[in-house]
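As provided, coords23.txt (compact mmCIF, C-alpha atoms) reads as follows.
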# COMPACT_ATOMS: atom_id res chain seq x y z
CA MET M 8 99.95 101.27 39.99
CA HIS M 9 96.54 100.17 41.23
CA ARG M 10 94.39 102.18 43.58
CA SER M 11 95.19 101.63 47.26
CA SER M 12 92.67 101.16 50.05
CA ARG M 13 91.34 104.23 51.80
CA CYS M 14 92.35 105.19 55.32
CA ALA M 15 90.38 107.11 57.98
CA PHE M 16 91.92 109.75 60.23
CA ALA M 17 90.95 111.52 63.41
CA THR M 18 89.75 114.51 61.39
CA SER M 19 86.83 112.32 60.21
CA THR M 20 87.95 112.76 56.61
CA LEU M 21 88.96 110.00 54.24
CA ALA M 22 92.15 109.97 52.20
CA ARG M 23 93.75 107.40 49.91
CA PRO M 24 97.32 106.61 51.02
CA ARG M 25 100.06 104.66 49.27
CA HIS M 26 103.55 103.94 50.50
CA ARG M 27 106.64 101.94 49.67
CA ARG M 28 108.84 100.70 52.46
CA ASN M 29 112.16 100.78 50.60
CA GLY M 30 114.78 102.54 52.70
CA ALA M 31 114.62 105.27 55.30
CA PRO M 32 113.91 107.98 56.31
CA ALA M 33 110.39 108.56 55.06
CA LEU M 34 109.45 111.03 52.34
CA LEU M 35 105.89 112.36 52.06
CA LEU M 36 105.04 113.29 48.46
CA ILE M 37 102.21 115.84 48.35
CA PRO M 38 100.10 116.22 45.18
CA GLY M 39 99.02 119.44 43.52
CA HIS M 40 95.60 121.08 43.42
CA THR M 41 92.90 118.61 42.24
CA SER M 42 95.61 116.04 41.53
CA ARG M 43 96.08 112.43 42.62
CA ILE M 44 98.68 109.89 43.67
CA GLU M 45 99.34 108.99 40.04
CA GLU M 46 100.88 112.45 39.54
CA ASP M 47 104.03 111.11 41.16
CA ASP M 48 104.35 107.82 39.28
CA GLY M 49 107.43 109.14 37.47
CA LEU M 50 109.11 110.17 40.74
CA VAL M 51 108.43 107.27 43.09
CA PRO M 52 110.64 104.58 41.49
CA ILE M 53 113.70 106.83 41.75
CA LEU M 54 112.99 108.25 45.21
CA ALA M 55 111.98 104.86 46.65
CA ARG M 56 115.48 103.46 46.08
CA ARG M 57 116.66 105.12 49.28
CA HIS M 58 113.52 106.37 51.02
CA ARG M 59 110.23 105.09 52.35
CA VAL M 60 107.94 107.03 50.01
CA VAL M 61 104.44 107.91 51.18
CA ALA M 62 101.84 109.54 48.91
CA LEU M 63 98.16 110.31 49.31
CA ASP M 64 95.02 111.66 47.73
CA TYR M 65 93.53 114.36 49.92
CA PRO M 66 89.83 114.47 50.79
CA GLY M 67 87.92 116.00 47.90
CA SER M 68 90.51 115.01 45.32
CA GLY M 69 91.92 112.00 43.50
CA TYR M 70 90.12 108.80 44.45
CA ALA M 71 89.68 109.72 48.11
CA GLU M 72 86.26 110.44 49.58
CA LYS M 73 84.77 113.77 48.50
CA PRO M 74 82.42 115.02 51.20
CA ASP M 75 80.54 118.27 50.54
CA ARG M 76 82.26 120.13 53.38
CA GLU M 77 84.57 123.08 53.93
CA TYR M 78 88.06 122.71 52.45
CA ALA M 79 91.15 124.60 53.58
CA LEU M 80 94.92 124.33 53.72
CA ALA M 81 94.73 123.62 57.46
CA LEU M 82 92.56 120.56 56.76
CA TYR M 83 95.14 119.13 54.37
CA GLU M 84 97.92 119.83 56.86
CA ASP M 85 96.01 117.88 59.51
CA VAL M 86 95.35 115.00 57.09
CA SER M 87 99.08 114.87 56.27
CA THR M 88 100.15 114.54 59.88
CA GLY M 89 97.26 112.16 60.56
CA LEU M 90 98.48 109.84 57.82
CA LEU M 91 102.04 109.86 59.18
CA ASP M 92 100.73 109.21 62.69
CA ALA M 93 98.69 106.27 61.41
CA LEU M 94 101.79 104.82 59.74
CA GLY M 95 103.93 105.37 62.86
CA ILE M 96 106.24 107.86 61.11
CA GLU M 97 107.53 110.45 63.57
CA ARG M 98 109.94 112.35 61.30
CA ALA M 99 110.00 112.76 57.53
CA HIS M 100 111.10 114.82 54.57
CA LEU M 101 108.50 116.60 52.42
CA ALA M 102 108.25 117.17 48.67
CA GLY M 103 105.50 118.46 46.40
CA GLY M 104 104.58 120.93 43.69
CA SER M 105 101.99 123.68 43.27
CA LEU M 106 99.47 123.20 46.12
CA GLY M 107 101.80 120.44 47.30
CA GLY M 108 104.72 122.87 47.42
CA ASN M 109 102.60 125.29 49.41
CA LEU M 110 101.79 122.55 51.92
CA VAL M 111 105.43 121.47 52.11
CA LEU M 112 106.45 124.91 53.33
CA ARG M 113 103.42 125.39 55.56
CA LEU M 114 103.95 122.01 57.24
CA GLY M 115 107.66 122.69 57.61
CA HIS M 116 106.86 125.99 59.30
CA ARG M 117 104.17 124.48 61.53
CA TYR M 118 106.17 121.40 62.58
CA PRO M 119 109.88 122.27 62.32
CA GLN M 120 111.00 119.35 64.48
CA ARG M 121 109.02 116.76 62.55
CA PHE M 122 109.94 117.67 58.97
CA GLU M 123 113.67 117.72 58.35
CA ARG M 124 114.24 118.67 54.70
CA LEU M 125 111.77 120.42 52.41
CA ALA M 126 111.61 120.12 48.60
CA PRO M 127 108.81 122.26 47.13
CA TRP M 128 108.54 123.27 43.49
CA ALA M 129 106.40 126.06 41.99
CA PRO M 130 104.48 126.43 45.28
CA GLY M 131 101.06 128.00 45.47
CA SER M 132 100.81 131.16 47.61
CA ALA M 133 104.14 132.40 46.20
CA TRP M 134 102.38 135.71 45.78
CA ASN M 135 100.96 138.52 47.88
CA ALA M 136 97.73 137.60 49.67
CA ASN M 137 94.60 138.83 47.90
CA ALA M 138 91.52 138.64 50.12
CA ARG M 139 89.27 140.32 47.55
CA LEU M 140 90.13 137.81 44.83
CA GLY M 141 89.61 135.00 47.33
CA ARG M 142 86.09 136.24 48.04
CA VAL M 143 85.37 136.34 44.31
CA VAL M 144 86.57 132.75 43.87
CA ARG M 145 84.32 131.61 46.71
CA ALA M 146 81.36 133.55 45.32
CA ILE M 147 81.54 131.93 41.86
CA ARG M 148 81.88 128.38 43.22
CA GLY M 149 79.84 125.89 41.24
CA TYR M 150 79.57 123.73 38.12
CA PRO M 151 78.89 126.50 35.54
CA LEU M 152 82.35 128.09 35.80
CA PHE M 153 84.38 124.98 36.64
CA TRP M 154 85.24 123.95 33.09
CA PRO M 155 85.84 127.45 31.66
CA ILE M 156 88.28 128.21 34.49
CA VAL M 157 89.99 124.82 34.20
CA PHE M 158 90.48 125.21 30.45
CA LEU M 159 92.04 128.63 31.01
CA GLN M 160 94.20 127.40 33.89
CA SER M 161 95.39 124.36 31.94
CA ARG M 162 97.16 126.60 29.42
CA PHE M 163 99.83 127.16 32.07
CA TRP M 164 100.34 123.55 33.22
CA TYR M 165 102.62 122.23 30.46
CA GLY M 166 105.00 123.79 27.98
CA PRO M 167 103.60 123.92 24.41
CA ALA M 168 106.66 122.10 23.08
CA TRP M 169 106.40 119.19 25.54
CA PRO M 170 105.51 116.06 23.48
CA GLY M 171 103.22 114.67 26.16
CA ARG M 172 101.11 117.79 26.54
CA ASP M 173 97.99 116.74 24.62
CA ALA M 174 97.87 113.27 26.17
CA ALA M 175 98.37 114.67 29.68
CA LEU M 176 95.56 117.20 29.24
CA ALA M 177 93.21 114.56 27.85
CA ASP M 178 93.99 112.23 30.76
CA THR M 179 93.47 114.98 33.34
CA PHE M 180 90.14 116.08 31.86
CA ALA M 181 88.94 112.46 31.72
CA TYR M 182 89.91 112.04 35.38
CA TYR M 183 87.98 115.21 36.29
CA ARG M 184 84.87 113.86 34.55
CA GLU M 185 85.28 110.55 36.37
CA VAL M 186 85.42 112.06 39.86
CA MET M 187 83.13 115.05 39.29
CA GLY M 188 80.65 115.77 42.05
CA PRO M 189 79.64 118.43 44.60
CA GLY M 190 82.57 117.70 46.93
CA PHE M 191 85.15 117.84 44.13
CA VAL M 192 83.84 121.14 42.78
CA ARG M 193 83.68 122.65 46.26
CA MET M 194 87.23 121.49 46.98
CA TYR M 195 88.45 123.01 43.69
CA PHE M 196 87.14 126.49 44.43
CA GLU M 197 87.73 126.59 48.19
CA MET M 198 91.33 125.32 48.04
CA ALA M 199 92.04 127.83 45.28
CA ALA M 200 90.52 130.62 47.35
CA ASP M 201 92.43 129.68 50.50
CA GLN M 202 95.71 129.75 48.60
CA VAL M 203 94.90 133.10 46.99
CA GLU M 204 94.03 134.59 50.38
CA ARG M 205 97.39 133.58 51.88
CA THR M 206 101.05 134.22 51.18
CA LEU M 207 104.17 132.21 51.91
CA PHE M 208 106.23 135.39 52.07
CA GLU M 209 105.20 136.01 55.69
CA ILE M 210 106.34 132.63 57.03
CA ALA M 211 109.32 131.96 54.75
CA PRO M 212 111.92 133.79 56.91
CA GLN M 213 110.90 131.61 59.88
CA ILE M 214 111.49 128.28 58.10
CA ARG M 215 114.84 127.07 59.40
CA GLN M 216 115.09 123.69 57.67
CA PRO M 217 117.13 123.23 54.49
CA VAL M 218 114.92 123.94 51.47
CA TRP M 219 115.40 122.81 47.88
CA LEU M 220 113.18 125.03 45.72
CA GLY M 221 112.37 124.02 42.13
CA TRP M 222 110.98 126.05 39.24
CA GLY M 223 110.53 125.60 35.49
CA ASP M 224 111.77 128.70 33.70
CA GLN M 225 108.65 128.81 31.48
CA ASP M 226 106.31 128.88 34.48
CA HIS M 227 105.04 132.45 34.75
CA GLY M 228 101.34 131.91 35.47
CA ALA M 229 100.24 133.93 38.52
CA ASN M 230 103.67 135.60 38.29
CA MET M 231 105.25 132.38 39.55
CA GLY M 232 108.78 133.22 38.42
CA ALA M 233 108.92 136.40 40.47
CA GLY M 234 107.28 134.68 43.43
CA VAL M 235 109.77 131.82 43.47
CA ALA M 236 112.68 134.27 43.18
CA LYS M 237 111.35 136.20 46.19
CA LEU M 238 110.86 133.01 48.21
CA ALA M 239 114.42 131.95 47.43
CA LYS M 240 115.65 135.17 49.01
CA LEU M 241 113.36 134.98 52.04
CA LEU M 242 114.05 131.35 52.99
CA PRO M 243 117.14 131.34 55.25
CA ARG M 244 118.53 127.98 54.03
CA CYS M 245 117.46 127.69 50.43
CA GLU M 246 118.91 126.54 47.14
CA LEU M 247 117.06 127.24 43.92
CA ARG M 248 117.05 124.74 41.04
CA VAL M 249 115.80 125.93 37.67
CA PHE M 250 114.60 123.48 35.01
CA PRO M 251 115.09 125.05 31.56
CA GLY M 252 112.20 124.75 29.13
CA ALA M 253 109.73 123.38 31.70
CA ARG M 254 106.51 124.97 32.87
CA HIS M 255 104.41 124.28 35.98
CA SER M 256 103.95 120.50 36.04
CA LEU M 257 107.53 119.41 36.60
CA ALA M 258 106.54 115.92 37.80
CA ALA M 259 105.01 115.29 34.36
CA GLU M 260 107.41 117.20 32.12
CA VAL M 261 110.79 116.31 33.69
CA PRO M 262 110.13 113.49 36.20
CA GLU M 263 113.58 111.88 36.11
CA ALA M 264 115.46 115.17 36.44
CA LEU M 265 113.12 116.32 39.21
CA ALA M 266 113.35 113.08 41.19
CA SER M 267 117.12 112.89 40.80
CA ALA M 268 117.57 116.48 41.99
CA ILE M 269 115.30 115.95 45.01
CA GLY M 270 116.97 112.63 45.83
CA GLU M 271 120.42 114.21 45.75
CA PHE M 272 119.25 116.95 48.10
CA LEU M 273 117.69 114.50 50.54
CA ASP M 274 120.77 112.24 50.57
CA ARG M 275 123.35 115.01 50.82
CA PRO M 276 125.52 115.11 53.98
CA ALA M 277 124.30 117.68 56.46
CA ASP M 278 127.48 119.74 56.24
CA GLN M 279 126.86 120.25 52.51
CA LEU M 280 123.34 121.61 52.84
CA PRO M 281 122.59 125.32 52.30
CA ARG M 282 123.50 127.45 55.29
CA ASP M 283 123.11 131.03 54.09
CA LEU M 284 120.59 132.99 52.05
CA CYS M 285 120.38 132.06 48.36

Take the structure from the file and write it as structure tokens.
Amino acid sequence: MHRSSRCAFATSTLARPRHRRNGAPALLLIPGHTSRIEEDDGLVPILARRHRVVALDYPGSGYAEKPDREYALALYEDVSTGLLDALGIERAHLAGGSLGGNLVLRLGHRYPQRFERLAPWAPGSAWNANARLGRVVRAIRGYPLFWPIVFLQSRFWYGPAWPGRDAALADTFAYYREVMGPGFVRMYFEMAADQVERTLFEIAPQIRQPVWLGWGDQDHGANMGAGVAKLAKLLPRCELRVFPGARHSLAAEVPEALASAIGEFLDRPADQLPRDLC
């Protein structure tokens, strides 16, 4: 799909939105850390059969504007609601992985009446908050350590047996080189730091919406497996779906299975949604 036009919001930041009008209610797909709308190309055709799918690149990432400014989870939350306001969408479902999964749960907690069903997978901040590590990440911000850290981090994105691994890594690194600049690098480190400094464990028991929580059983970077298991117990209305053989980037590794599972959850009658602790 081609790049969409950019859209300005009241926060004075610029994001790149894209949406399909097929069906209702709306579903906001939220990308992962440093990612872009194209991350969800394997999900949208399936989910758009019954839902109005909205996706976006956040400021600092994708092909949105990349101002050299402070970046934080709260900014991305405000951009998300600003986009929905601009499109006239009052209520929606949320889905996203990694940073996107973190934002799904944070937005659901912050706006329980606006976001009806939540579908995060492998969410960031599924760990204990670490303020000291966050300060270190902020202190080393800059070009010199960007690529060494990314190369290390990328070892945990895809399973080694996934046939598309090498092509996906090459495409991601080429995209990073294309959009590289002061705002992108600042976003990379500051969004990582903000996630490290926070935990979802504190707010999870207060999230009352139905939650579908996804995880690839080979995803153990940052102790993700244990974090997801703890979240599943803390969320009052949660069901956990495990994808065997997959690692962190479920939208790339198992897009059809992921989209089908999320779609089934979103379309399920209300009386069949999770009611008790997982």

May I have a table of the residues of range 134-238 of chain M lying at most 10 Å from range 70-88 of chain M, giving each one's closest pair of atoms and their distance in Å to one decimal, counting only C-alpha atoms, ordered by chain and ascending residue number, as a Markdown table?
| residue | atom | partner | partner_atom | distance |
| --- | --- | --- | --- | --- |
| M:Tyr182 | CA | M:Tyr70 | CA | 9.6 |
| M:Glu185 | CA | M:Tyr70 | CA | 9.6 |
| M:Val186 | CA | M:Tyr70 | CA | 7.3 |
| M:Met187 | CA | M:Lys73 | CA | 9.4 |
| M:Gly188 | CA | M:Lys73 | CA | 7.9 |
| M:Pro189 | CA | M:Asp75 | CA | 6.0 |
| M:Gly190 | CA | M:Asp75 | CA | 4.2 |
| M:Phe191 | CA | M:Lys73 | CA | 6.0 |
| M:Val192 | CA | M:Asp75 | CA | 8.9 |
| M:Arg193 | CA | M:Asp75 | CA | 6.9 |
| M:Met194 | CA | M:Tyr78 | CA | 5.7 |
| M:Tyr195 | CA | M:Tyr78 | CA | 8.8 |
| M:Phe196 | CA | M:Tyr78 | CA | 8.9 |
| M:Glu197 | CA | M:Tyr78 | CA | 5.8 |
| M:Met198 | CA | M:Ala79 | CA | 5.6 |
| M:Ala199 | CA | M:Ala79 | CA | 9.0 |
| M:Ala200 | CA | M:Ala79 | CA | 8.7 |
| M:Asp201 | CA | M:Ala79 | CA | 6.1 |
| M:Gln202 | CA | M:Leu80 | CA | 7.5 |
| M:Arg205 | CA | M:Leu80 | CA | 9.7 |

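Take the candidates M:Val51, M:Val61, M:Leu125, M:Leu280 and check each one against Gly108 in chain M using all atoms listed in the file; the shortest distance goes to M:Leu125.
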
Just checking: using only C-alpha atoms, which residue out of M:Gly141, M:Pro38, M:Pro281, M:Pro119 ends up closest to Ile214 in chain M?
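Result for the nearest residue to Ile214 in chain M: M:Pro119.
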
Which residues, written as a PyMOL selection string, have at least one atom at most 9 Å from Ala133 in chain M, with all atoms listed in the file counted and residues fewer than 3 positions away on the same chain left out?
chain M and resi 109+129-130+136+205-208+229-231+233-235+237-238

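From CA of Leu220 in chain M back to CA of Cys245 in chain M, the distance works out to 6.9 Å.
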
Kindly complete range 64-89 of chain M to N, CA and C atoms; the output should be written as an mmCIF file, in the frame of the given file.
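Okay, result.cif is ready:
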data_model
loop_
_atom_site.group_PDB
_atom_site.id
_atom_site.type_symbol
_atom_site.label_atom_id
_atom_site.label_comp_id
_atom_site.auth_asym_id
_atom_site.auth_seq_id
_atom_site.Cartn_x
_atom_site.Cartn_y
_atom_site.Cartn_z
ATOM 1 N N ASP M 64 96.049 110.789 48.282
ATOM 2 C CA ASP M 64 95.020 111.660 47.730
ATOM 3 C C ASP M 64 94.327 112.324 48.912
ATOM 4 N N TYR M 65 94.196 113.641 48.842
ATOM 5 C CA TYR M 65 93.530 114.360 49.920
ATOM 6 C C TYR M 65 91.998 114.264 49.778
ATOM 7 N N PRO M 66 91.288 114.425 50.876
ATOM 8 C CA PRO M 66 89.830 114.470 50.790
ATOM 9 C C PRO M 66 89.380 115.495 49.740
ATOM 10 N N GLY M 67 88.413 115.124 48.938
ATOM 11 C CA GLY M 67 87.920 116.000 47.900
ATOM 12 C C GLY M 67 88.604 115.846 46.565
ATOM 13 N N SER M 68 89.714 115.102 46.533
ATOM 14 C CA SER M 68 90.510 115.010 45.320
ATOM 15 C C SER M 68 90.921 113.576 45.046
ATOM 16 N N GLY M 69 91.478 113.345 43.845
ATOM 17 C CA GLY M 69 91.920 112.000 43.500
ATOM 18 C C GLY M 69 90.798 111.002 43.636
ATOM 19 N N TYR M 70 91.121 109.843 44.230
ATOM 20 C CA TYR M 70 90.120 108.800 44.450
ATOM 21 C C TYR M 70 89.810 108.637 45.936
ATOM 22 N N ALA M 71 90.099 109.680 46.716
ATOM 23 C CA ALA M 71 89.680 109.720 48.110
ATOM 24 C C ALA M 71 88.204 110.097 48.184
ATOM 25 N N GLU M 72 87.634 109.993 49.386
ATOM 26 C CA GLU M 72 86.260 110.440 49.580
ATOM 27 C C GLU M 72 86.150 111.938 49.305
ATOM 28 N N LYS M 73 84.969 112.369 48.868
ATOM 29 C CA LYS M 73 84.770 113.770 48.500
ATOM 30 C C LYS M 73 83.524 114.329 49.194
ATOM 31 N N PRO M 74 83.590 114.473 50.501
ATOM 32 C CA PRO M 74 82.420 115.020 51.200
ATOM 33 C C PRO M 74 82.167 116.471 50.810
ATOM 34 N N ASP M 75 80.920 116.879 50.824
ATOM 35 C CA ASP M 75 80.540 118.270 50.540
ATOM 36 C C ASP M 75 80.684 119.047 51.842
ATOM 37 N N ARG M 76 81.918 119.467 52.124
ATOM 38 C CA ARG M 76 82.260 120.130 53.380
ATOM 39 C C ARG M 76 83.239 121.251 53.082
ATOM 40 N N GLU M 77 83.608 121.997 54.101
ATOM 41 C CA GLU M 77 84.570 123.080 53.930
ATOM 42 C C GLU M 77 85.968 122.495 53.689
ATOM 43 N N TYR M 78 86.691 123.120 52.753
ATOM 44 C CA TYR M 78 88.060 122.710 52.450
ATOM 45 C C TYR M 78 89.006 123.875 52.675
ATOM 46 N N ALA M 79 90.177 123.561 53.267
ATOM 47 C CA ALA M 79 91.150 124.600 53.580
ATOM 48 C C ALA M 79 92.530 123.974 53.692
ATOM 49 N N LEU M 80 93.550 124.808 53.585
ATOM 50 C CA LEU M 80 94.920 124.330 53.720
ATOM 51 C C LEU M 80 95.132 123.653 55.068
ATOM 52 N N ALA M 81 94.556 124.203 56.130
ATOM 53 C CA ALA M 81 94.730 123.620 57.460
ATOM 54 C C ALA M 81 94.192 122.195 57.523
ATOM 55 N N LEU M 82 93.095 121.923 56.814
ATOM 56 C CA LEU M 82 92.560 120.560 56.760
ATOM 57 C C LEU M 82 93.578 119.612 56.157
ATOM 58 N N TYR M 83 94.173 120.001 55.038
ATOM 59 C CA TYR M 83 95.140 119.130 54.370
ATOM 60 C C TYR M 83 96.405 118.952 55.212
ATOM 61 N N GLU M 84 96.783 119.977 55.943
ATOM 62 C CA GLU M 84 97.920 119.830 56.860
ATOM 63 C C GLU M 84 97.605 118.776 57.918
ATOM 64 N N ASP M 85 96.401 118.838 58.472
ATOM 65 C CA ASP M 85 96.010 117.880 59.510
ATOM 66 C C ASP M 85 95.917 116.460 58.939
ATOM 67 N N VAL M 86 95.421 116.318 57.715
ATOM 68 C CA VAL M 86 95.350 115.000 57.090
ATOM 69 C C VAL M 86 96.760 114.449 56.874
ATOM 70 N N SER M 87 97.695 115.309 56.488
ATOM 71 C CA SER M 87 99.080 114.870 56.270
ATOM 72 C C SER M 87 99.697 114.300 57.538
ATOM 73 N N THR M 88 99.573 115.023 58.623
ATOM 74 C CA THR M 88 100.150 114.540 59.880
ATOM 75 C C THR M 88 99.361 113.344 60.403
ATOM 76 N N GLY M 89 98.047 113.310 60.141
ATOM 77 C CA GLY M 89 97.260 112.160 60.560
ATOM 78 C C GLY M 89 97.686 110.892 59.850
#
